[in-house]
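*Asks:* I am sharing start30.cif, which consists of mmCIF, C-alpha atoms:
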data_structure
loop_
_atom_site.label_atom_id
_atom_site.label_comp_id
_atom_site.auth_asym_id
_atom_site.auth_seq_id
_atom_site.Cartn_x
_atom_site.Cartn_y
_atom_site.Cartn_z
CA MET A 1 -12.08 25.27 8.25
CA VAL A 2 -13.16 22.60 10.75
CA ARG A 3 -10.49 19.99 11.27
CA LYS A 4 -11.75 16.45 11.64
CA LEU A 5 -10.48 14.76 14.79
CA LYS A 6 -8.57 11.56 14.23
CA LYS A 7 -10.16 8.70 16.14
CA ILE A 8 -7.95 6.64 18.42
CA ASN A 9 -10.01 3.54 17.59
CA PRO A 10 -10.52 3.73 13.81
CA ASN A 11 -13.28 1.72 12.16
CA GLU A 12 -10.74 -0.20 10.08
CA TYR A 13 -9.23 -3.62 10.50
CA GLY A 14 -7.27 -5.53 7.85
CA SER A 15 -6.51 -2.33 5.94
CA LEU A 16 -4.43 -1.14 8.91
CA LYS A 17 -2.23 -4.24 8.76
CA TYR A 18 -0.69 -3.92 5.31
CA ASP A 19 3.01 -4.72 5.64
CA GLN A 20 6.12 -5.72 3.74
CA ASN A 21 4.61 -9.10 2.91
CA THR A 22 1.65 -7.32 1.29
CA LEU A 23 3.98 -5.04 -0.66
CA THR A 24 6.08 -7.98 -1.83
CA LYS A 25 3.01 -9.75 -3.24
CA VAL A 26 1.74 -6.58 -4.93
CA ASN A 27 5.16 -5.98 -6.47
CA ALA A 28 5.23 -9.56 -7.74
CA VAL A 29 1.98 -8.92 -9.62
CA LEU A 30 3.25 -5.63 -11.04
CA PHE A 31 6.59 -7.02 -12.20
CA ARG A 32 4.88 -10.03 -13.70
CA LYS A 33 2.73 -7.54 -15.66
CA LYS A 34 -0.30 -9.80 -15.40
CA ILE A 35 -2.94 -7.96 -13.38
CA PHE A 36 -5.96 -9.42 -15.21
CA ARG A 37 -6.77 -12.80 -13.69
CA TYR A 38 -6.99 -14.55 -17.07
CA SER A 39 -3.92 -12.96 -18.65
CA SER A 40 -1.76 -16.05 -18.15
CA LYS A 41 -2.19 -19.80 -18.29
CA LYS A 42 -0.30 -20.08 -15.01
CA LYS A 43 -2.21 -20.23 -11.75
CA SER A 44 -3.21 -16.66 -10.93
CA TYR A 45 -3.28 -14.91 -7.58
CA VAL A 46 -7.07 -14.97 -7.86
CA ASP A 47 -6.95 -18.77 -8.24
CA GLN A 48 -4.73 -18.98 -5.17
CA PHE A 49 -7.04 -16.78 -3.12
CA GLU A 50 -10.11 -18.77 -4.12
CA GLU A 51 -8.37 -22.02 -3.18
CA SER A 52 -7.33 -20.63 0.21
CA ALA A 53 -10.90 -19.42 0.83
CA LYS A 54 -12.31 -22.87 0.02
CA LYS A 55 -9.88 -24.52 2.40
CA MET A 56 -10.46 -22.05 5.20
CA LEU A 57 -14.26 -21.98 4.93
CA ASP A 58 -14.56 -25.70 4.11
CA VAL A 59 -16.72 -25.18 1.02
CA LYS A 60 -16.62 -26.80 -2.41
CA CYS A 61 -16.67 -23.61 -4.49
CA ALA A 62 -15.40 -20.05 -4.09
CA LEU A 63 -15.47 -17.24 -6.65
CA GLY A 64 -13.75 -13.89 -6.21
CA VAL A 65 -15.56 -10.80 -7.49
CA ASN A 66 -14.84 -7.08 -7.47
CA ASN A 67 -16.98 -6.12 -4.44
CA GLY A 68 -19.62 -7.34 -2.01
CA THR A 69 -22.51 -5.80 -3.94
CA SER A 70 -21.40 -7.68 -7.04
CA ALA A 71 -21.37 -10.86 -4.96
CA LEU A 72 -24.99 -10.23 -3.92
CA LYS A 73 -26.09 -9.42 -7.46
CA THR A 74 -24.38 -12.49 -8.85
CA ALA A 75 -26.02 -14.69 -6.21
CA LEU A 76 -29.44 -13.24 -7.08
CA ARG A 77 -28.82 -13.89 -10.79
CA VAL A 78 -27.76 -17.45 -10.03
CA ILE A 79 -31.07 -18.24 -8.32
CA GLU A 80 -32.83 -16.46 -11.21
CA ILE A 81 -34.60 -13.61 -9.44
CA ARG A 82 -36.95 -11.97 -11.94
CA PRO A 83 -39.01 -8.76 -12.09
CA GLY A 84 -41.77 -8.84 -9.50
CA ASP A 85 -40.19 -11.57 -7.36
CA ARG A 86 -40.44 -10.95 -3.63
CA VAL A 87 -37.15 -11.31 -1.75
CA LEU A 88 -37.30 -11.20 2.05
CA ILE A 89 -34.34 -9.32 3.52
CA SER A 90 -33.31 -8.04 6.92
CA ALA A 91 -34.68 -4.54 7.49
CA TYR A 92 -31.52 -3.61 9.38
CA THR A 93 -28.83 -3.79 6.71
CA PHE A 94 -26.74 -1.67 4.39
CA ILE A 95 -28.72 -0.36 1.43
CA ALA A 96 -26.81 -2.61 -1.02
CA THR A 97 -28.80 -5.66 0.10
CA ALA A 98 -32.08 -4.08 -1.04
CA ALA A 99 -30.58 -2.30 -4.05
CA SER A 100 -29.18 -5.57 -5.41
CA VAL A 101 -32.71 -7.05 -5.41
CA ILE A 102 -34.12 -3.97 -7.12
CA SER A 103 -31.46 -4.15 -9.85
CA PHE A 104 -33.19 -7.31 -11.14
CA GLY A 105 -36.66 -5.84 -10.84
CA GLY A 106 -37.26 -7.80 -7.64
CA ILE A 107 -39.15 -6.48 -4.63
CA PRO A 108 -37.13 -6.31 -1.40
CA VAL A 109 -39.47 -6.99 1.51
CA PRO A 110 -38.02 -5.81 4.86
CA ILE A 111 -38.23 -8.29 7.75
CA ASP A 112 -37.96 -6.94 11.27
CA PHE A 113 -34.76 -7.43 13.25
CA ASP A 114 -33.88 -9.96 15.95
CA PHE A 115 -30.62 -10.24 17.91
CA ILE A 116 -30.70 -14.05 17.89
CA THR A 117 -31.57 -15.01 14.32
CA GLY A 118 -31.06 -11.63 12.65
CA MET A 119 -34.66 -11.72 11.36
CA ASP A 120 -37.85 -11.69 13.42
CA LEU A 121 -39.27 -15.17 12.83
CA THR A 122 -42.91 -14.15 13.28
CA ASP A 123 -42.55 -11.43 10.65
CA LEU A 124 -40.59 -13.79 8.41
CA GLN A 125 -43.16 -16.58 8.61
CA ARG A 126 -45.98 -14.16 7.87
CA GLU A 127 -44.26 -12.90 4.71
CA VAL A 128 -43.23 -16.39 3.58
CA LYS A 129 -46.92 -17.33 3.56
CA LYS A 130 -47.51 -14.52 1.03
CA GLY A 131 -44.91 -16.12 -1.24
CA CYS A 132 -41.29 -15.28 -1.92
CA SER A 133 -38.45 -16.28 -4.22
CA ALA A 134 -35.53 -15.94 -1.79
CA ILE A 135 -34.52 -14.98 1.74
CA ILE A 136 -31.42 -12.92 2.62
CA PRO A 137 -30.41 -12.88 6.32
CA VAL A 138 -27.57 -10.49 7.22
CA HIS A 139 -24.79 -10.86 9.81
CA LEU A 140 -23.46 -7.72 11.52
CA GLN A 141 -19.99 -6.44 12.35
CA GLY A 142 -18.31 -9.74 13.11
CA TYR A 143 -21.37 -11.09 14.94
CA THR A 144 -22.86 -14.24 13.43
CA PHE A 145 -26.55 -14.87 14.03
CA ASP A 146 -28.14 -18.29 14.46
CA ILE A 147 -29.90 -18.57 11.11
CA SER A 148 -30.70 -22.28 11.51
CA PRO A 149 -34.45 -21.59 12.06
CA ILE A 150 -34.43 -19.54 8.86
CA MET A 151 -32.71 -22.36 6.98
CA THR A 152 -35.23 -24.91 8.30
CA LEU A 153 -38.16 -22.76 7.23
CA ALA A 154 -36.60 -22.13 3.82
CA LYS A 155 -35.79 -25.79 3.26
CA ASN A 156 -39.35 -26.85 4.09
CA LYS A 157 -40.70 -24.30 1.61
CA ARG A 158 -37.93 -24.88 -0.96
CA ILE A 159 -36.86 -21.25 -0.83
CA PRO A 160 -33.21 -20.46 -1.68
CA VAL A 161 -31.26 -18.55 0.95
CA ILE A 162 -28.45 -16.10 0.25
CA GLU A 163 -26.36 -15.35 3.33
CA ASP A 164 -25.13 -11.75 3.42
CA ALA A 165 -21.92 -12.17 5.42
CA CYS A 166 -20.28 -9.08 3.94
CA GLN A 167 -19.52 -7.79 7.46
CA ALA A 168 -18.62 -11.12 8.98
CA PHE A 169 -15.69 -12.72 7.17
CA GLY A 170 -13.88 -14.95 9.64
CA SER A 171 -16.68 -15.12 12.23
CA ARG A 172 -18.27 -18.44 13.17
CA TYR A 173 -21.28 -19.90 14.94
CA LYS A 174 -20.86 -23.32 16.53
CA GLY A 175 -17.78 -23.98 14.42
CA VAL A 176 -19.29 -23.05 11.05
CA TYR A 177 -18.16 -19.88 9.32
CA ALA A 178 -20.65 -17.14 8.52
CA GLY A 179 -21.61 -17.37 4.86
CA CYS A 180 -21.48 -21.17 4.87
CA PHE A 181 -24.91 -22.00 6.32
CA ALA A 182 -27.00 -20.99 3.32
CA ASP A 183 -27.22 -22.04 -0.32
CA ILE A 184 -24.92 -19.17 -1.27
CA GLY A 185 -22.75 -16.94 0.92
CA THR A 186 -21.44 -13.49 0.03
CA PHE A 187 -18.57 -11.45 1.49
CA SER A 188 -17.08 -7.98 1.11
CA PHE A 189 -13.44 -6.91 1.37
CA GLN A 190 -14.06 -3.17 1.23
CA GLN A 191 -11.90 -0.71 3.22
CA TYR A 192 -13.73 -1.17 6.53
CA LYS A 193 -14.03 -4.95 6.56
CA GLN A 194 -12.09 -7.55 8.55
CA ILE A 195 -9.76 -8.20 5.64
CA SER A 196 -9.57 -5.64 2.88
CA CYS A 197 -8.19 -4.84 -0.55
CA GLY A 198 -10.08 -1.54 -0.75
CA GLU A 199 -12.87 -3.24 -2.65
CA GLY A 200 -13.42 -6.90 -3.41
CA GLY A 201 -15.89 -9.68 -2.78
CA LEU A 202 -16.36 -13.42 -2.60
CA ILE A 203 -19.14 -15.91 -3.32
CA VAL A 204 -19.12 -19.36 -1.73
CA THR A 205 -21.39 -22.36 -2.25
CA ASN A 206 -21.46 -26.13 -2.10
CA ASN A 207 -23.70 -26.21 -5.17
CA GLU A 208 -21.48 -26.68 -8.21
CA GLN A 209 -24.23 -25.59 -10.61
CA TYR A 210 -24.62 -22.34 -8.72
CA TYR A 211 -20.85 -21.83 -8.92
CA LYS A 212 -20.81 -22.49 -12.67
CA LYS A 213 -23.61 -19.95 -13.24
CA ALA A 214 -21.93 -17.39 -10.99
CA LYS A 215 -18.62 -17.71 -12.82
CA ILE A 216 -20.30 -17.26 -16.20
CA TYR A 217 -22.52 -14.36 -15.16
CA SER A 218 -19.70 -12.39 -13.49
CA ASP A 219 -17.48 -12.84 -16.58
CA HIS A 220 -19.71 -11.03 -19.11
CA GLY A 221 -21.85 -14.17 -19.43
CA MET A 222 -19.08 -15.92 -21.34
CA VAL A 223 -18.08 -19.55 -20.95
CA ARG A 224 -14.42 -18.83 -20.22
CA GLU A 225 -13.16 -22.34 -21.08
CA LEU A 226 -14.60 -21.96 -24.60
CA MET A 227 -13.92 -18.21 -24.87
CA SER A 228 -17.36 -17.99 -26.44
CA TRP A 229 -20.92 -16.79 -26.11
CA ASP A 230 -22.10 -19.51 -28.50
CA SER A 231 -22.46 -22.16 -25.80
CA ASP A 232 -25.92 -23.00 -24.50
CA ASP A 233 -24.58 -22.05 -21.06
CA ALA A 234 -23.62 -18.52 -22.15
CA ILE A 235 -25.84 -15.65 -21.02
CA ILE A 236 -25.93 -11.85 -21.05
CA GLY A 237 -23.83 -11.16 -17.99
CA ASP A 238 -21.92 -8.46 -16.17
CA ASN A 239 -18.25 -7.79 -15.53
CA TYR A 240 -17.68 -8.35 -11.83
CA ARG A 241 -14.21 -9.90 -12.09
CA ILE A 242 -11.64 -9.43 -9.36
CA ASN A 243 -8.00 -8.87 -10.41
CA ASN A 244 -4.65 -10.22 -9.30
CA LEU A 245 -3.65 -7.07 -7.41
CA GLN A 246 -6.73 -7.35 -5.22
CA ALA A 247 -6.20 -11.07 -4.76
CA ALA A 248 -2.52 -10.65 -3.83
CA ILE A 249 -3.51 -8.24 -1.05
CA LEU A 250 -6.23 -10.62 0.14
CA ILE A 251 -3.82 -13.57 0.26
CA SER A 252 -1.54 -11.51 2.48
CA GLN A 253 -4.50 -10.40 4.60
CA THR A 254 -5.89 -13.92 5.01
CA SER A 255 -2.54 -15.15 6.30
CA LYS A 256 -2.86 -12.63 9.17
CA LEU A 257 -6.56 -13.19 9.86
CA ASN A 258 -6.21 -15.50 12.86
CA LYS A 259 -3.72 -13.17 14.51
CA MET A 260 -5.90 -10.11 13.87
CA VAL A 261 -8.96 -11.84 15.31
CA SER A 262 -6.98 -13.01 18.34
CA ILE A 263 -5.82 -9.43 19.04
CA GLN A 264 -9.31 -8.01 18.56
CA LYS A 265 -10.85 -10.56 20.93
CA ARG A 266 -8.12 -9.84 23.48
CA ASN A 267 -8.82 -6.10 23.16
CA LYS A 268 -12.52 -6.71 23.65
CA LYS A 269 -11.92 -8.86 26.70
CA TYR A 270 -9.68 -6.17 28.20
CA ILE A 271 -12.33 -3.46 27.78
CA LEU A 272 -15.11 -5.63 29.21
CA ASN A 273 -12.94 -6.63 32.18
CA HIS A 274 -12.06 -3.01 32.99
CA ILE A 275 -15.48 -1.39 33.02
CA THR A 276 -17.85 -1.55 35.95
CA PRO A 277 -19.98 -3.44 36.47
CA THR A 278 -18.20 -6.18 34.57
CA LYS A 279 -21.50 -7.53 33.23
CA THR A 280 -22.75 -4.30 31.68
CA SER A 281 -26.37 -4.92 30.76
CA CYS A 282 -26.38 -2.78 27.62
CA VAL A 283 -23.52 -4.72 26.01
CA VAL A 284 -24.91 -6.92 23.24
CA LYS A 285 -23.73 -10.43 24.02
CA SER A 286 -22.38 -12.62 21.25
CA LEU A 287 -24.16 -15.93 20.63
CA ASP A 288 -20.76 -17.58 20.29
CA GLU A 289 -17.89 -15.74 21.99
CA GLN A 290 -15.35 -18.18 20.60
CA GLY A 291 -16.61 -17.66 17.07
CA GLU A 292 -16.87 -13.88 16.94
CA THR A 293 -14.06 -11.74 15.52
CA GLY A 294 -14.04 -9.05 18.22
CA MET A 295 -14.24 -6.25 15.64
CA ASN A 296 -16.56 -4.25 17.88
CA ILE A 297 -18.33 -4.10 21.19
CA LEU A 298 -21.98 -3.37 20.49
CA PHE A 299 -23.90 -1.30 23.04
CA LEU A 300 -27.66 -0.92 23.07
CA ALA A 301 -28.45 2.45 24.70
CA LYS A 302 -31.73 2.97 26.55
CA SER A 303 -32.88 5.70 24.16
CA LYS A 304 -31.91 7.70 21.08
CA GLU A 305 -31.10 10.69 23.31
CA ILE A 306 -28.72 8.64 25.44
CA ALA A 307 -27.09 7.19 22.31
CA ASP A 308 -26.58 10.74 21.01
CA ALA A 309 -25.03 11.76 24.34
CA ILE A 310 -22.64 8.80 24.29
CA ILE A 311 -21.52 9.64 20.76
CA SER A 312 -20.99 13.31 21.68
CA HIS A 313 -19.02 12.49 24.84
CA ALA A 314 -16.81 9.98 23.05
CA LYS A 315 -16.18 12.31 20.10
CA ILE A 316 -14.57 14.90 22.36
CA LYS A 317 -12.14 12.21 23.52
CA LYS A 318 -11.49 11.10 19.90
CA ILE A 319 -13.18 7.77 20.61
CA GLU A 320 -15.52 6.44 17.98
CA PHE A 321 -18.89 5.22 19.14
CA ARG A 322 -20.95 5.01 15.97
CA ARG A 323 -24.32 3.88 14.77
CA LEU A 324 -24.13 1.14 12.17
CA TRP A 325 -27.03 2.73 10.29
CA ASP A 326 -29.35 5.33 11.80
CA ARG A 327 -32.46 3.78 10.23
CA PRO A 328 -33.70 0.67 8.44
CA TYR A 329 -32.80 0.91 4.75
CA TYR A 330 -36.40 1.62 3.67
CA LYS A 331 -36.48 4.87 5.70
CA TYR A 332 -34.34 6.59 3.07
CA ARG A 333 -36.51 8.78 0.87
CA VAL A 334 -35.50 6.97 -2.28
CA PHE A 335 -37.60 3.98 -1.15
CA GLU A 336 -40.60 6.24 -0.60
CA ARG A 337 -40.20 7.55 -4.14
CA ILE A 338 -40.13 4.08 -5.65
CA LYS A 339 -42.92 2.86 -3.34
CA LEU A 340 -40.98 0.11 -1.58
CA THR A 341 -41.68 0.93 2.07
CA PRO A 342 -43.65 -1.37 4.41
CA TYR A 343 -46.67 0.89 3.83
CA HIS A 344 -46.52 0.43 0.07
CA LEU A 345 -45.86 -3.29 0.48
CA LYS A 346 -48.85 -3.61 2.82
CA LYS A 347 -46.88 -5.15 5.68
CA PRO A 348 -46.28 -4.16 9.30
CA ILE A 349 -43.59 -1.57 10.03
CA CYS A 350 -40.34 -3.05 11.33
CA TYR A 351 -40.65 -1.47 14.78
CA LYS A 352 -37.71 -3.27 16.36
CA ALA A 353 -35.37 -2.37 13.50
CA GLU A 354 -36.45 1.29 13.64
CA ASP A 355 -35.89 1.39 17.41
CA ILE A 356 -32.57 -0.46 17.39
CA ALA A 357 -31.19 1.70 14.57
CA GLN A 358 -31.41 4.72 16.86
CA LYS A 359 -29.94 3.03 19.94
CA LEU A 360 -27.34 0.48 18.76
CA LEU A 361 -23.76 1.74 18.93
CA ALA A 362 -20.50 0.11 17.88
CA LEU A 363 -17.17 0.68 19.59
CA SER A 364 -14.48 -0.27 17.05
CA LEU A 365 -11.61 -2.46 18.27
CA SER A 366 -9.11 -2.71 15.45
CA PRO A 367 -6.02 -4.94 15.70
CA ILE A 368 -3.62 -1.98 16.03
CA LEU A 369 -4.88 -0.71 19.41
CA LYS A 370 -2.18 -0.46 22.08
CA LYS A 371 -2.51 -0.85 25.85
CA ASP A 372 -2.61 2.90 26.54
CA THR A 373 -5.45 3.31 24.05
CA LEU A 374 -7.43 0.47 25.62
CA ILE A 375 -6.89 2.01 29.06
CA LYS A 376 -8.22 5.38 27.83
CA ILE A 377 -11.26 3.78 26.19
CA ALA A 378 -12.08 1.83 29.37
CA GLN A 379 -11.69 5.00 31.47
CA GLU A 380 -14.12 6.92 29.28
CA ILE A 381 -16.66 4.10 29.35
CA ARG A 382 -16.49 4.14 33.16
CA LYS A 383 -17.19 7.89 33.07
CA LEU A 384 -20.20 7.22 30.87
CA GLN A 385 -21.32 4.66 33.45
CA GLU A 386 -20.92 7.21 36.25
CA GLU A 387 -23.15 9.57 34.28
CA LYS A 388 -25.70 6.76 33.88
CA LEU A 389 -25.38 6.86 30.10
CA ILE A 390 -24.08 3.29 29.99
CA SER A 391 -25.48 0.85 32.53
#
Can the structure from this file be put into structure tokens for me?
*Replies:*
Amino acid sequence: MVRKLKKINPNEYGSLKYDQNTLTKVNAVLFRKKIFRYSSKKKSYVDQFEESAKKMLDVKCALGVNNGTSALKTALRVIEIRPGDRVLISAYTFIATAASVISFGGIPVPIDFDFITGMDLTDLQREVKKGCSAIIPVHLQGYTFDISPIMTLAKNKRIPVIEDACQAFGSRYKGVYAGCFADIGTFSFQQYKQISCGEGGLIVTNNEQYYKKAKIYSDHGMVRELMSWDSDDAIIGDNYRINNLQAAILISQTSKLNKMVSIQKRNKKYILNHITPTKTSCVVKSLDEQGETGMNILFLAKSKEIADAIISHAKIKKIEFRRLWDRPYYKYRVFERIKLTPYHLKKPICYKAEDIAQKLLALSLSPILKKDTLIKIAQEIRKLQEEKLIS
């Protein structure tokens, strides 16, 4: 039996910071015996979490759901994506972004990757000219892209934008939180996210009509205030509700967010200041160092072979260098079977996304790392530099 080595820098963040405060809130829900968010007329933990999210993110509306995929699906239902609708999405993203579009019969069209805007603007503009019903840019691992050119293009063409910020809760660009630039923003609170309740999600918007539709759709299509499907606003919906146990954990997590981010950014600064040369060229620079969360340092290796060598070297030392995804989502065979690859969609291959997927590595910097761990990580990176694997 092969024993899996425990990484000294686990790819977890908020889930490693559960404490007595978290337990106290969970116990309060259990002893109250009201886990379902609508089981009492009193203000629920879900209500409290949604209110805290609105205040923190400075948005009019926030709706908790049971996971990030549900948030994406609800957002797509809100803007009324229908079978055959083309939705332009980042090619370099978790499969859920594309799968959510497919669940409504829509056609996810992959747009090549760009480290500034998250989507290659030339590819995006070309596909917009062919017609589309929505655009979904995606932020990565606590890095927020500058999606303002995407928003300008979308506004001029009256195309709704859903911002997939599932990996970027708490990150900002020029003072605005990820998820709050677009018409609708979506977040995930799964095990490996910045704050976590194991699963969980959030939808934010400044459009009150979108919020109303999202609330109805995610609650079986029922108008909750009327407890009825007889209203003209009622629809056939899904059950994507979040519960009070999840919300209680998230309230506790959110209260520690600023401290976690501060520690992560400090850890990142320490690593970058203790590797040589200080300005390592393969480190992916953040567009807004003040706004990032410091969850990871991203390294862009010179080749797939060098990336593989870095991963192998680090693994021996129990250090996790990992690929985010080893391919654009459409390279999985399931997309070939359902004929949703660039070839089938008669568009150019996403060459940059395919290349970056093989070479982009993340070094996790969770908020529990101690000084001795940071020293060891920096030492191993310097060894990789001596071997010309990192330059």
*Asks:* Counting all atoms listed in the file, which of A:Ile216, A:Leu121, A:Cys132, A:Ile95 gets nearest to Ser228 in chain A?
*Replies:*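 Distance minimum relative to Ser228 in chain A lands on A:Ile216.
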*Asks:* Calculated over only C-alpha atoms, which of the candidates A:Leu384, A:Val46, A:Leu257, A:Ala154 has the smallest distance to Thr276 in chain A?
*Replies:*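 Result for the nearest residue to Thr276 in chain A: A:Leu384.
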*Asks:* For the provided coordinates, the residues matched by the PyMOL selection byres ((chain A and resi 140-144) around 6) should be stated as a PyMOL selection string.
*Replies:* chain A and resi 139+145+167-168+171+292-293+295
*Asks:* Here is a test: counting all atoms listed in the file, which residue of A:Glu127, A:Glu305, A:Asp146, A:Asp219 is nearest to Ile242 in chain A?
*Replies:*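 With all atoms listed in the file as the atom set, the closest residue is A:Asp219.
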*Asks:* Evaluated on this file, the PyMOL selection byres ((chain A and resi 184-198) around 9) picks out some residues - which ones are they, written as a ChimeraX atom specification?
*Replies:* /A:11-15,66-69,71-72,75,141-142,160-170,178-183,199-207,210,245-250,253-254,256-257,260-261,293,295,366
*Asks:* Restricting it to C-alpha atoms, dump the selection as a PDB file, in the coordinates of the input.
*Replies:*
ATOM      1  CA  ASN A  11     -13.280   1.720  12.160  1.00  0.00           C
ATOM      2  CA  GLU A  12     -10.740  -0.200  10.080  1.00  0.00           C
ATOM      3  CA  TYR A  13      -9.230  -3.620  10.500  1.00  0.00           C
ATOM      4  CA  GLY A  14      -7.270  -5.530   7.850  1.00  0.00           C
ATOM      5  CA  SER A  15      -6.510  -2.330   5.940  1.00  0.00           C
ATOM      6  CA  ASN A  66     -14.840  -7.080  -7.470  1.00  0.00           C
ATOM      7  CA  ASN A  67     -16.980  -6.120  -4.440  1.00  0.00           C
ATOM      8  CA  GLY A  68     -19.620  -7.340  -2.010  1.00  0.00           C
ATOM      9  CA  THR A  69     -22.510  -5.800  -3.940  1.00  0.00           C
ATOM     10  CA  ALA A  71     -21.370 -10.860  -4.960  1.00  0.00           C
ATOM     11  CA  LEU A  72     -24.990 -10.230  -3.920  1.00  0.00           C
ATOM     12  CA  ALA A  75     -26.020 -14.690  -6.210  1.00  0.00           C
ATOM     13  CA  GLN A 141     -19.990  -6.440  12.350  1.00  0.00           C
ATOM     14  CA  GLY A 142     -18.310  -9.740  13.110  1.00  0.00           C
ATOM     15  CA  PRO A 160     -33.210 -20.460  -1.680  1.00  0.00           C
ATOM     16  CA  VAL A 161     -31.260 -18.550   0.950  1.00  0.00           C
ATOM     17  CA  ILE A 162     -28.450 -16.100   0.250  1.00  0.00           C
ATOM     18  CA  GLU A 163     -26.360 -15.350   3.330  1.00  0.00           C
ATOM     19  CA  ASP A 164     -25.130 -11.750   3.420  1.00  0.00           C
ATOM     20  CA  ALA A 165     -21.920 -12.170   5.420  1.00  0.00           C
ATOM     21  CA  CYS A 166     -20.280  -9.080   3.940  1.00  0.00           C
ATOM     22  CA  GLN A 167     -19.520  -7.790   7.460  1.00  0.00           C
ATOM     23  CA  ALA A 168     -18.620 -11.120   8.980  1.00  0.00           C
ATOM     24  CA  PHE A 169     -15.690 -12.720   7.170  1.00  0.00           C
ATOM     25  CA  GLY A 170     -13.880 -14.950   9.640  1.00  0.00           C
ATOM     26  CA  ALA A 178     -20.650 -17.140   8.520  1.00  0.00           C
ATOM     27  CA  GLY A 179     -21.610 -17.370   4.860  1.00  0.00           C
ATOM     28  CA  CYS A 180     -21.480 -21.170   4.870  1.00  0.00           C
ATOM     29  CA  PHE A 181     -24.910 -22.000   6.320  1.00  0.00           C
ATOM     30  CA  ALA A 182     -27.000 -20.990   3.320  1.00  0.00           C
ATOM     31  CA  ASP A 183     -27.220 -22.040  -0.320  1.00  0.00           C
ATOM     32  CA  GLU A 199     -12.870  -3.240  -2.650  1.00  0.00           C
ATOM     33  CA  GLY A 200     -13.420  -6.900  -3.410  1.00  0.00           C
ATOM     34  CA  GLY A 201     -15.890  -9.680  -2.780  1.00  0.00           C
ATOM     35  CA  LEU A 202     -16.360 -13.420  -2.600  1.00  0.00           C
ATOM     36  CA  ILE A 203     -19.140 -15.910  -3.320  1.00  0.00           C
ATOM     37  CA  VAL A 204     -19.120 -19.360  -1.730  1.00  0.00           C
ATOM     38  CA  THR A 205     -21.390 -22.360  -2.250  1.00  0.00           C
ATOM     39  CA  ASN A 206     -21.460 -26.130  -2.100  1.00  0.00           C
ATOM     40  CA  ASN A 207     -23.700 -26.210  -5.170  1.00  0.00           C
ATOM     41  CA  TYR A 210     -24.620 -22.340  -8.720  1.00  0.00           C
ATOM     42  CA  LEU A 245      -3.650  -7.070  -7.410  1.00  0.00           C
ATOM     43  CA  GLN A 246      -6.730  -7.350  -5.220  1.00  0.00           C
ATOM     44  CA  ALA A 247      -6.200 -11.070  -4.760  1.00  0.00           C
ATOM     45  CA  ALA A 248      -2.520 -10.650  -3.830  1.00  0.00           C
ATOM     46  CA  ILE A 249      -3.510  -8.240  -1.050  1.00  0.00           C
ATOM     47  CA  LEU A 250      -6.230 -10.620   0.140  1.00  0.00           C
ATOM     48  CA  GLN A 253      -4.500 -10.400   4.600  1.00  0.00           C
ATOM     49  CA  THR A 254      -5.890 -13.920   5.010  1.00  0.00           C
ATOM     50  CA  LYS A 256      -2.860 -12.630   9.170  1.00  0.00           C
ATOM     51  CA  LEU A 257      -6.560 -13.190   9.860  1.00  0.00           C
ATOM     52  CA  MET A 260      -5.900 -10.110  13.870  1.00  0.00           C
ATOM     53  CA  VAL A 261      -8.960 -11.840  15.310  1.00  0.00           C
ATOM     54  CA  THR A 293     -14.060 -11.740  15.520  1.00  0.00           C
ATOM     55  CA  MET A 295     -14.240  -6.250  15.640  1.00  0.00           C
ATOM     56  CA  SER A 366      -9.110  -2.710  15.450  1.00  0.00           C
TER      57      SER A 366
END
